[in-house]
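Structure first, then comments.
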Amino acid sequence: MANTQAVANSFKLELMSGYHNFSSTNPARTLNTVDVFKAALYLTTGNLGAGTTAYTTVDEINAGTVNYTAGGITVTNATAPLLYTNTATWTPSANFVWNNLTAPTAFDAVLIYNSSQGNRAVSVHTFGAQTVTAGTFTLTMPTPGAGTSLLNLA
Amino acid sequence: MAKITTIYGDMDEAELVKTTGFVDNEIEYTTWVEYRKPGSDEIVHRSVHMTLKEMPVSAKAEASKM
């Protein structure tokens, strides 16, 4: 098995039940509180994908790392979701950055999950395997747009 | 002289051998930089900067025909 890029199936269902709020402006609800989303890194031995329902420590890069906190980093979310024609999109408003990181075992995926709602999974993003040694790992956020935003619901 | 954070602490960049590279494909554009001590294969610093190109899309389902 391997990590596979996907929007979590459970996330699609949970959207219909109102579990996830990406925007601080939510006039349909009485509580305008944006959820906290996090980003965690996973080893190439992981099995994350569409079937992932929640954050897990299994195959997270913790072991042997320096300056990596289990659970990953909090995603900066200052920009509400946007609609581009037929595609609803969301992109974090700042890059994901791990500074002075040592991650000696190859990793190739980042899991976005909702830490305000039971660590429910949002999406898995995969890339070529990497290691980092006393350095910085930066995941630059893409330019928002249909199909180019980090999360796309078409 | 620029200081580089390494597994041995901060070192002068001039004391290290620098290697850079990139990956540019349909999935990502990634650049990396590595530093080694002269004559050594040990990587004492490696940083990676990545921009993803291919995003997961949750496509609309086909409505079943009645």
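By convention here, the chains of the structure tokens are called A, B, ... in the order presented, each chain's residues are numbered starting at 1, and ligands are numbered starting at 1 in the order presented.
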
Find the nearest atom pair between each residue of chain A and chain B for residues within 6 Å, count only C-alpha atoms, give distances in Å to one decimal, sort rows by chain and ascending number, and present the table as a Markdown table.
```
| residue | atom | partner | partner_atom | distance |
| --- | --- | --- | --- | --- |
| A:Ala6 | CA | B:Pro56 | CA | 5.1 |
| A:Val7 | CA | B:Pro56 | CA | 5.9 |
| A:Val132 | CA | B:Arg46 | CA | 5.1 |
| A:Thr133 | CA | B:Arg46 | CA | 4.6 |
| A:Ala134 | CA | B:His45 | CA | 5.2 |
| A:Gly135 | CA | B:Ser47 | CA | 4.5 |
| A:Thr136 | CA | B:Ser47 | CA | 4.8 |
| A:Phe137 | CA | B:Val48 | CA | 4.9 |
| A:Thr138 | CA | B:His49 | CA | 4.6 |
| A:Leu139 | CA | B:Met50 | CA | 4.9 |
| A:Thr140 | CA | B:Thr51 | CA | 4.8 |
| A:Leu150 | CA | B:Met55 | CA | 5.9 |
| A:Asn152 | CA | B:Val57 | CA | 4.8 |
| A:Leu153 | CA | B:Ser58 | CA | 4.8 |
| A:Ala154 | CA | B:Ala59 | CA | 4.8 |
```

Those same residues - C-alpha atoms - I'd like them written as a PDB file, in the first residue's frame.
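Ended up saving to selection-v5.pdb:
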```pdb
ATOM      1  CA  ALA A   6      -7.700  12.138  -2.235  1.00  0.00           C
ATOM      2  CA  VAL A   7     -10.478  14.087  -0.635  1.00  0.00           C
ATOM      3  CA  VAL A 132      14.944  16.865   5.688  1.00  0.00           C
ATOM      4  CA  THR A 133      18.093  17.342   7.749  1.00  0.00           C
ATOM      5  CA  ALA A 134      18.379  20.281  10.145  1.00  0.00           C
ATOM      6  CA  GLY A 135      16.515  22.269   7.551  1.00  0.00           C
ATOM      7  CA  THR A 136      13.213  23.722   6.483  1.00  0.00           C
ATOM      8  CA  PHE A 137      10.370  21.927   4.771  1.00  0.00           C
ATOM      9  CA  THR A 138       8.064  24.381   3.056  1.00  0.00           C
ATOM     10  CA  LEU A 139       4.878  23.408   1.317  1.00  0.00           C
ATOM     11  CA  THR A 140       3.937  26.476  -0.674  1.00  0.00           C
ATOM     12  CA  LEU A 150      -5.673  22.985  -2.195  1.00  0.00           C
ATOM     13  CA  ASN A 152     -11.689  21.479  -4.685  1.00  0.00           C
ATOM     14  CA  LEU A 153     -15.315  20.383  -4.694  1.00  0.00           C
ATOM     15  CA  ALA A 154     -16.518  20.304  -8.285  1.00  0.00           C
TER      16      ALA A 154
END
```

Practice item. Please provide as a PyMOL selection string all residues within 12 Å of A:Gly51, with the sequence filter that same-chain residues fewer than 5 positions apart are discarded (counting only C-alpha atoms). Key: chain A and resi 3-12+120-124

For the selection just defined, write its residues with C-alpha atoms to a file, as a JSON list (two decimals), in the first residue's frame.
```
[["chain", "number", "residue", "atom", "x", "y", "z"],
["A", 3, "ASN", "CA", -0.37, 7.06, 0.48],
["A", 4, "THR", "CA", -2.88, 8.16, -2.16],
["A", 5, "GLN", "CA", -4.00, 11.68, -2.89],
["A", 6, "ALA", "CA", -7.70, 12.14, -2.24],
["A", 7, "VAL", "CA", -10.48, 14.09, -0.64],
["A", 8, "ALA", "CA", -11.57, 11.94, 2.28],
["A", 9, "ASN", "CA", -14.84, 10.14, 1.61],
["A", 10, "SER", "CA", -15.93, 10.75, 5.19],
["A", 11, "PHE", "CA", -15.32, 14.47, 4.69],
["A", 12, "LYS", "CA", -17.81, 14.58, 1.82],
["A", 120, "ARG", "CA", -11.79, 14.37, 11.19],
["A", 121, "ALA", "CA", -9.88, 13.98, 7.94],
["A", 122, "VAL", "CA", -10.30, 16.47, 5.09],
["A", 123, "SER", "CA", -7.81, 15.51, 2.39],
["A", 124, "VAL", "CA", -4.56, 13.75, 1.65]]
```
